[in-house]
$ cat my_file-v4.cif   # mmCIF, C-alpha atoms
data_final
#
loop_
_atom_site.group_PDB
_atom_site.id
_atom_site.type_symbol
_atom_site.label_atom_id
_atom_site.label_comp_id
_atom_site.auth_asym_id
_atom_site.auth_seq_id
_atom_site.Cartn_x
_atom_site.Cartn_y
_atom_site.Cartn_z
ATOM 1 C CA MET A 1 -5.147 -37.183 -50.038
ATOM 2 C CA ALA A 2 -6.091 -33.724 -48.758
ATOM 3 C CA LEU A 3 -8.463 -33.144 -45.882
ATOM 4 C CA GLU A 4 -11.654 -31.409 -46.971
ATOM 5 C CA ILE A 5 -14.624 -29.652 -45.382
ATOM 6 C CA GLY A 6 -16.603 -32.212 -43.386
ATOM 7 C CA ASP A 7 -13.553 -34.361 -42.572
ATOM 8 C CA LYS A 8 -12.513 -35.072 -39.000
ATOM 9 C CA VAL A 9 -9.002 -33.867 -38.206
ATOM 10 C CA PRO A 10 -6.684 -36.825 -37.542
ATOM 11 C CA VAL A 11 -4.437 -37.012 -34.498
ATOM 12 C CA PHE A 12 -0.987 -35.445 -34.843
ATOM 13 C CA SER A 13 1.837 -34.178 -32.668
ATOM 14 C CA ALA A 14 4.579 -31.556 -32.981
ATOM 15 C CA LYS A 15 6.901 -29.378 -30.935
ATOM 16 C CA ASP A 16 5.394 -26.041 -29.932
ATOM 17 C CA ASP A 17 7.219 -22.710 -29.745
ATOM 18 C CA LYS A 18 8.357 -23.507 -26.192
ATOM 19 C CA GLY A 19 9.844 -26.847 -27.237
ATOM 20 C CA HIS A 20 7.041 -28.817 -25.556
ATOM 21 C CA ASP A 21 5.206 -31.722 -27.134
ATOM 22 C CA PHE A 22 1.879 -30.628 -28.601
ATOM 23 C CA LEU A 23 -0.735 -33.367 -28.905
ATOM 24 C CA SER A 24 -3.654 -32.464 -31.149
ATOM 25 C CA GLU A 25 -6.165 -34.482 -29.129
ATOM 26 C CA ASN A 26 -5.641 -32.095 -26.199
ATOM 27 C CA ILE A 27 -7.438 -29.333 -28.135
ATOM 28 C CA ILE A 28 -9.021 -30.688 -31.327
ATOM 29 C CA GLY A 29 -12.443 -32.087 -30.529
ATOM 30 C CA ARG A 30 -12.620 -30.027 -27.333
ATOM 31 C CA LYS A 31 -12.967 -26.444 -28.586
ATOM 32 C CA PRO A 32 -13.216 -24.593 -31.922
ATOM 33 C CA LEU A 33 -9.886 -23.936 -33.578
ATOM 34 C CA VAL A 34 -8.269 -21.973 -36.372
ATOM 35 C CA LEU A 35 -5.279 -23.843 -37.699
ATOM 36 C CA TYR A 36 -3.251 -21.971 -40.270
ATOM 37 C CA PHE A 37 -0.279 -23.084 -42.327
ATOM 38 C CA TYR A 38 2.102 -20.450 -43.649
ATOM 39 C CA PRO A 39 5.405 -20.496 -45.564
ATOM 40 C CA LYS A 40 8.075 -18.826 -43.386
ATOM 41 C CA ASN A 41 8.665 -16.670 -40.294
ATOM 42 C CA PHE A 42 9.814 -13.061 -40.777
ATOM 43 C CA THR A 43 8.746 -12.802 -44.434
ATOM 44 C CA PRO A 44 6.458 -9.851 -45.278
ATOM 45 C CA GLY A 45 3.264 -11.807 -46.058
ATOM 46 C CA CYS A 46 3.683 -14.242 -43.191
ATOM 47 C CA THR A 47 4.421 -11.457 -40.713
ATOM 48 C CA LYS A 48 1.318 -9.568 -41.864
ATOM 49 C CA GLU A 49 -0.829 -12.692 -41.525
ATOM 50 C CA ALA A 50 0.497 -13.462 -38.022
ATOM 51 C CA CYS A 51 -0.048 -9.859 -36.915
ATOM 52 C CA ASP A 52 -3.582 -9.921 -38.364
ATOM 53 C CA PHE A 53 -4.327 -13.045 -36.313
ATOM 54 C CA ARG A 54 -2.737 -11.338 -33.288
ATOM 55 C CA ASP A 55 -4.902 -8.248 -33.755
ATOM 56 C CA SER A 56 -8.034 -10.433 -33.978
ATOM 57 C CA TYR A 57 -6.981 -12.954 -31.334
ATOM 58 C CA LEU A 58 -9.387 -11.550 -28.728
ATOM 59 C CA ASP A 59 -12.243 -11.964 -31.228
ATOM 60 C CA PHE A 60 -11.372 -15.655 -31.576
ATOM 61 C CA THR A 61 -10.925 -16.318 -27.858
ATOM 62 C CA THR A 62 -14.185 -14.475 -27.083
ATOM 63 C CA LEU A 63 -15.870 -17.005 -29.378
ATOM 64 C CA GLY A 64 -14.223 -19.794 -27.364
ATOM 65 C CA ALA A 65 -11.747 -20.605 -30.126
ATOM 66 C CA GLU A 66 -7.994 -21.018 -30.240
ATOM 67 C CA VAL A 67 -5.538 -20.120 -33.011
ATOM 68 C CA ILE A 68 -2.553 -22.292 -33.927
ATOM 69 C CA ALA A 69 0.043 -21.470 -36.590
ATOM 70 C CA ILE A 70 2.170 -24.099 -38.358
ATOM 71 C CA SER A 71 5.271 -23.779 -40.516
ATOM 72 C CA SER A 72 8.481 -25.693 -41.105
ATOM 73 C CA ASP A 73 10.450 -23.133 -39.060
ATOM 74 C CA SER A 74 12.360 -24.344 -36.004
ATOM 75 C CA VAL A 75 11.162 -23.976 -32.428
ATOM 76 C CA LYS A 76 13.865 -21.325 -31.925
ATOM 77 C CA SER A 77 12.693 -19.333 -34.965
ATOM 78 C CA HIS A 78 9.069 -19.522 -33.765
ATOM 79 C CA THR A 79 10.106 -18.229 -30.341
ATOM 80 C CA ARG A 80 11.956 -15.244 -31.880
ATOM 81 C CA PHE A 81 9.027 -14.550 -34.248
ATOM 82 C CA LYS A 82 6.477 -14.680 -31.414
ATOM 83 C CA ASN A 83 8.549 -12.444 -29.162
ATOM 84 C CA LYS A 84 9.343 -9.856 -31.823
ATOM 85 C CA TYR A 85 5.706 -9.380 -32.872
ATOM 86 C CA ARG A 86 4.058 -10.211 -29.508
ATOM 87 C CA LEU A 87 2.051 -13.081 -30.978
ATOM 88 C CA PRO A 88 -0.197 -14.634 -28.292
ATOM 89 C CA PHE A 89 -1.084 -17.961 -29.902
ATOM 90 C CA VAL A 90 0.718 -21.301 -30.273
ATOM 91 C CA PHE A 91 3.158 -21.982 -33.103
ATOM 92 C CA LEU A 92 3.993 -25.538 -34.134
ATOM 93 C CA SER A 93 7.207 -26.591 -35.799
ATOM 94 C CA ASP A 94 6.716 -28.975 -38.742
ATOM 95 C CA PRO A 95 10.291 -29.232 -40.112
ATOM 96 C CA LYS A 96 9.692 -32.347 -42.218
ATOM 97 C CA GLY A 97 6.230 -31.236 -43.391
ATOM 98 C CA LYS A 98 4.415 -34.198 -41.811
ATOM 99 C CA ILE A 99 1.424 -32.152 -40.609
ATOM 100 C CA ARG A 100 1.333 -30.207 -43.879
ATOM 101 C CA LYS A 101 1.233 -33.534 -45.726
ATOM 102 C CA LEU A 102 -1.393 -34.956 -43.347
ATOM 103 C CA PHE A 103 -3.693 -32.021 -44.201
ATOM 104 C CA GLY A 104 -2.736 -32.080 -47.879
ATOM 105 C CA VAL A 105 -1.605 -28.437 -47.995
ATOM 106 C CA LYS A 106 -0.402 -27.762 -51.523
ATOM 107 C CA SER A 107 2.787 -25.919 -52.374
ATOM 108 C CA GLU A 108 2.650 -22.638 -54.264
ATOM 109 C CA LEU A 109 4.707 -21.116 -57.076
ATOM 110 C CA LEU A 110 5.494 -24.371 -58.883
ATOM 111 C CA GLY A 111 6.280 -26.156 -55.636
ATOM 112 C CA LEU A 112 8.940 -23.661 -54.567
ATOM 113 C CA LEU A 113 6.992 -22.193 -51.647
ATOM 114 C CA PRO A 114 5.047 -24.012 -48.921
ATOM 115 C CA GLY A 115 1.329 -23.227 -49.222
ATOM 116 C CA ARG A 116 -0.698 -20.788 -47.141
ATOM 117 C CA GLU A 117 -3.877 -22.485 -45.983
ATOM 118 C CA THR A 118 -6.309 -21.848 -43.135
ATOM 119 C CA TYR A 119 -8.661 -24.355 -41.539
ATOM 120 C CA VAL A 120 -11.543 -23.581 -39.204
ATOM 121 C CA ILE A 121 -12.358 -26.626 -37.098
ATOM 122 C CA ASP A 122 -15.450 -26.952 -34.914
ATOM 123 C CA LYS A 123 -15.434 -28.253 -31.329
ATOM 124 C CA GLU A 124 -16.122 -31.786 -32.572
ATOM 125 C CA GLY A 125 -12.916 -31.703 -34.650
ATOM 126 C CA ILE A 126 -14.661 -31.360 -38.032
ATOM 127 C CA ILE A 127 -13.241 -29.043 -40.723
ATOM 128 C CA CYS A 128 -15.780 -26.304 -41.495
ATOM 129 C CA LEU A 129 -13.577 -24.065 -43.653
ATOM 130 C CA LYS A 130 -10.563 -24.712 -45.829
ATOM 131 C CA PHE A 131 -9.172 -21.549 -47.370
ATOM 132 C CA ASN A 132 -6.131 -21.458 -49.640
ATOM 133 C CA SER A 133 -4.770 -18.133 -50.860
ATOM 134 C CA LEU A 134 -1.334 -16.590 -51.143
ATOM 135 C CA ASN A 135 -3.022 -13.306 -50.183
ATOM 136 C CA ALA A 136 -2.252 -13.298 -46.448
ATOM 137 C CA SER A 137 -4.690 -10.493 -45.644
ATOM 138 C CA LYS A 138 -7.784 -12.537 -46.555
ATOM 139 C CA HIS A 139 -7.266 -15.408 -44.109
ATOM 140 C CA VAL A 140 -8.304 -13.743 -40.840
ATOM 141 C CA ASP A 141 -11.562 -12.330 -42.226
ATOM 142 C CA LYS A 142 -12.553 -15.703 -43.699
ATOM 143 C CA ALA A 143 -11.687 -17.477 -40.446
ATOM 144 C CA ILE A 144 -13.540 -15.059 -38.159
ATOM 145 C CA SER A 145 -16.681 -15.132 -40.328
ATOM 146 C CA LYS A 146 -16.772 -18.934 -40.342
ATOM 147 C CA MET A 147 -16.012 -19.130 -36.611
ATOM 148 C CA LYS A 148 -18.916 -16.775 -35.835
ATOM 149 C CA GLU A 149 -21.131 -18.932 -38.018
ATOM 150 C CA ILE A 150 -20.224 -22.225 -36.338
ATOM 151 C CA VAL A 151 -20.559 -20.912 -32.778
ATOM 152 C CA GLY A 152 -23.933 -19.403 -33.664
ATOM 153 C CA GLU A 153 -23.157 -15.701 -33.607
ATOM 154 C CA SER A 154 -24.486 -13.439 -36.300
ATOM 155 C CA VAL A 155 -21.764 -12.091 -38.554
#
$ encode --input "my_file-v4.cif" --output "C-alpha cells"
Amino acid sequence: MALEIGDKVPVFSAKDDKGHDFLSENIIGRKPLVLYFYPKNFTPGCTKEACDFRDSYLDFTTLGAEVIAISSDSVKSHTRFKNKYRLPFVFLSDPKGKIRKLFGVKSELLGLLPGRETYVIDKEGIICLKFNSLNASKHVDKAISKMKEIVGESV
C-alpha cells in the first residue's frame, strides 16, 4: 500500500553514499525533508533532476530542510555521481527496492523503469506532497513551493 499525503513516514534504514548506515529517525520527524526517488545515476533525466536539486539546495537549506535522493544504484555509483556533478545532499542506496516498496513508488513504462517520485515531509514526519512525474524538471519547483508553504514562507 502506497504512502499518501497525511501519512507519517515509517522508519527505514539504508547505506548512504559514504557507505555509512542511514537511519531515517535521525532526520525524519526532526526537520523538513525532500525525499526523491529516481531511476538511475548518470542517465539524462536523472542527472538533470539531481543538478536541479543541487542548484536549489541553498533554497532548501535556508528553509531548514534537507534533500535526500534514493535509487537502486550502489554506494560506489552514488559516490561517483555525487563527485562528478558536485551534488551536496545525501544519496541512499536501495538495491533491493525495499524503501521504494515501503513508500509504494510505482514503476514507469510498463514496469521497465523505476518510478520518479518526490515527497515533501514536514518536521513532524508527515507527507505534505507526493509528486509523480517522469518529467524530471518539474520536481524541484513542486518541492520548493510546498516546502515554502509548510515552513510558512510566502511563495
$ closest_atom_pairs --input "my_file-v4.cif" --of "stretch 115-134 of chain A" --to "stretch 29-38 of chain A" --cutoff "8 Å" --atoms "all atoms listed in the file" --output "Markdown table"
| residue | atom | partner | partner_atom | distance |
| --- | --- | --- | --- | --- |
| A:Gly115 | CA | A:Tyr38 | CA | 6.3 |
| A:Arg116 | CA | A:Tyr38 | CA | 4.5 |
| A:Glu117 | CA | A:Phe37 | CA | 5.2 |
| A:Thr118 | CA | A:Tyr36 | CA | 4.2 |
| A:Tyr119 | CA | A:Leu35 | CA | 5.1 |
| A:Val120 | CA | A:Val34 | CA | 4.6 |
| A:Ile121 | CA | A:Leu33 | CA | 5.1 |
| A:Asp122 | CA | A:Pro32 | CA | 4.4 |
| A:Lys123 | CA | A:Lys31 | CA | 4.1 |
| A:Glu124 | CA | A:Gly29 | CA | 4.2 |
| A:Gly125 | CA | A:Gly29 | CA | 4.2 |
| A:Ile126 | CA | A:Gly29 | CA | 7.9 |
$ write_last_selection --input "my_file-v4.cif" --atoms "C-alpha atoms" --output "short mmCIF file (atom, residue, chain, number, x, y, z; two decimals), in the coordinates of the input"
data_model
loop_
_atom_site.label_atom_id
_atom_site.label_comp_id
_atom_site.auth_asym_id
_atom_site.auth_seq_id
_atom_site.Cartn_x
_atom_site.Cartn_y
_atom_site.Cartn_z
CA GLY A 115 1.33 -23.23 -49.22
CA ARG A 116 -0.70 -20.79 -47.14
CA GLU A 117 -3.88 -22.48 -45.98
CA THR A 118 -6.31 -21.85 -43.14
CA TYR A 119 -8.66 -24.36 -41.54
CA VAL A 120 -11.54 -23.58 -39.20
CA ILE A 121 -12.36 -26.63 -37.10
CA ASP A 122 -15.45 -26.95 -34.91
CA LYS A 123 -15.43 -28.25 -31.33
CA GLU A 124 -16.12 -31.79 -32.57
CA GLY A 125 -12.92 -31.70 -34.65
CA ILE A 126 -14.66 -31.36 -38.03
#
$ closest_residue --input "my_file-v4.cif" --among "A:Phe91, A:Asp59, A:Glu66, A:Val75" --to "A:Asp141" --atoms "only C-alpha atoms"
A:Asp59
$ residues_around --input "my_file-v4.cif" --residues "stretch 12-16 of chain A" --least-positions-apart "5" --cutoff "12 Å" --atoms "only C-alpha atoms" --output "ChimeraX atom specification"
/A:21-28,68-79,82,89-103
$ resolve_selection --input "my_file-v4.cif" --expression "the PyMOL selection byres ((chain A and resi 140) around 12)" --output "PyMOL selection string"
chain A and resi 34-36+48-57+59-60+67+117-120+129+131-133+135-139+141-147
$ closest_residue --input "my_file-v4.cif" --among "A:Pro39, A:Gly64, A:Gly45, A:Gly6" --to "A:Val151" --atoms "only C-alpha atoms"
A:Gly64
$ decode --input "my_file-v4.cif" --residues "stretch 13-27 of chain A" --atoms "all heavy atoms" --output "compact mmCIF listing (two decimals), in the first residue's frame"
# COMPACT_ATOMS: atom_id res chain seq x y z
N SER A 13 16.00 2.17 7.02
CA SER A 13 17.45 2.36 7.03
C SER A 13 18.01 1.98 5.66
O SER A 13 17.38 1.26 4.90
CB SER A 13 18.10 1.52 8.13
OG SER A 13 17.90 0.15 7.87
N ALA A 14 19.21 2.50 5.39
CA ALA A 14 19.88 2.23 4.11
C ALA A 14 21.35 2.61 4.26
O ALA A 14 21.74 3.23 5.26
CB ALA A 14 19.24 3.03 2.98
N LYS A 15 22.13 2.29 3.26
CA LYS A 15 23.52 2.75 3.20
C LYS A 15 23.53 4.08 2.45
O LYS A 15 22.89 4.21 1.39
CB LYS A 15 24.41 1.76 2.44
CG LYS A 15 24.65 0.46 3.19
CD LYS A 15 25.57 0.66 4.36
CE LYS A 15 25.88 -0.68 5.01
NZ LYS A 15 26.55 -0.51 6.30
N ASP A 16 24.26 5.06 2.98
CA ASP A 16 24.38 6.33 2.28
C ASP A 16 25.55 6.28 1.29
O ASP A 16 26.23 5.26 1.17
CB ASP A 16 24.47 7.51 3.26
CG ASP A 16 25.78 7.56 4.05
OD1 ASP A 16 26.77 6.89 3.68
OD2 ASP A 16 25.81 8.31 5.05
N ASP A 17 25.78 7.40 0.62
CA ASP A 17 26.81 7.44 -0.43
C ASP A 17 28.23 7.34 0.12
O ASP A 17 29.18 7.23 -0.66
CB ASP A 17 26.65 8.72 -1.27
CG ASP A 17 26.54 9.96 -0.41
OD1 ASP A 17 27.58 10.45 0.05
OD2 ASP A 17 25.41 10.42 -0.17
N LYS A 18 28.39 7.35 1.42
CA LYS A 18 29.71 7.16 2.03
C LYS A 18 29.85 5.74 2.59
O LYS A 18 30.85 5.41 3.21
CB LYS A 18 29.93 8.19 3.13
CG LYS A 18 30.03 9.61 2.61
CD LYS A 18 30.33 10.58 3.74
CE LYS A 18 30.62 11.94 3.18
NZ LYS A 18 29.54 12.88 3.27
N GLY A 19 28.79 4.93 2.42
CA GLY A 19 28.81 3.57 2.93
C GLY A 19 28.40 3.47 4.39
O GLY A 19 28.48 2.40 4.99
N HIS A 20 27.95 4.58 4.98
CA HIS A 20 27.50 4.59 6.37
C HIS A 20 26.03 4.18 6.46
O HIS A 20 25.28 4.37 5.52
CB HIS A 20 27.68 5.98 6.99
CG HIS A 20 29.09 6.44 7.01
ND1 HIS A 20 29.46 7.71 6.64
CD2 HIS A 20 30.25 5.80 7.33
CE1 HIS A 20 30.76 7.86 6.73
NE2 HIS A 20 31.27 6.70 7.14
N ASP A 21 25.66 3.69 7.63
CA ASP A 21 24.25 3.37 7.88
C ASP A 21 23.47 4.67 8.05
O ASP A 21 23.87 5.52 8.85
CB ASP A 21 24.10 2.52 9.14
CG ASP A 21 24.64 1.11 8.93
OD1 ASP A 21 24.54 0.59 7.80
OD2 ASP A 21 25.17 0.53 9.91
N PHE A 22 22.40 4.80 7.30
CA PHE A 22 21.48 5.93 7.44
C PHE A 22 20.24 5.42 8.14
O PHE A 22 19.63 4.44 7.72
CB PHE A 22 21.10 6.48 6.05
CG PHE A 22 20.03 7.53 6.10
CD1 PHE A 22 20.36 8.86 6.25
CD2 PHE A 22 18.69 7.16 6.03
CE1 PHE A 22 19.36 9.83 6.32
CE2 PHE A 22 17.68 8.12 6.09
CZ PHE A 22 18.02 9.45 6.24
N LEU A 23 19.87 6.07 9.24
CA LEU A 23 18.66 5.72 9.98
C LEU A 23 17.68 6.87 9.84
O LEU A 23 17.98 8.00 10.24
CB LEU A 23 19.00 5.47 11.46
CG LEU A 23 20.08 4.42 11.71
CD1 LEU A 23 20.45 4.37 13.18
CD2 LEU A 23 19.62 3.05 11.23
N SER A 24 16.52 6.59 9.29
CA SER A 24 15.56 7.65 8.99
C SER A 24 15.15 8.46 10.21
O SER A 24 14.94 9.67 10.12
CB SER A 24 14.31 7.06 8.32
OG SER A 24 13.62 6.20 9.21
N GLU A 25 15.09 7.81 11.38
CA GLU A 25 14.65 8.53 12.57
C GLU A 25 15.64 9.61 13.02
O GLU A 25 15.31 10.46 13.83
CB GLU A 25 14.34 7.58 13.73
CG GLU A 25 15.51 6.77 14.23
CD GLU A 25 15.61 5.39 13.58
OE1 GLU A 25 15.17 5.20 12.44
OE2 GLU A 25 16.15 4.48 14.23
N ASN A 26 16.85 9.60 12.47
CA ASN A 26 17.81 10.66 12.79
C ASN A 26 17.49 11.98 12.09
O ASN A 26 18.07 13.00 12.45
CB ASN A 26 19.23 10.22 12.44
CG ASN A 26 19.74 9.14 13.37
OD1 ASN A 26 19.22 8.95 14.46
ND2 ASN A 26 20.74 8.40 12.93
N ILE A 27 16.61 11.96 11.09
CA ILE A 27 16.26 13.20 10.39
C ILE A 27 14.75 13.37 10.26
O ILE A 27 14.23 14.47 10.47
CB ILE A 27 16.97 13.29 9.01
CG1 ILE A 27 16.81 14.68 8.44
CG2 ILE A 27 16.46 12.24 8.04
CD1 ILE A 27 17.74 14.99 7.30
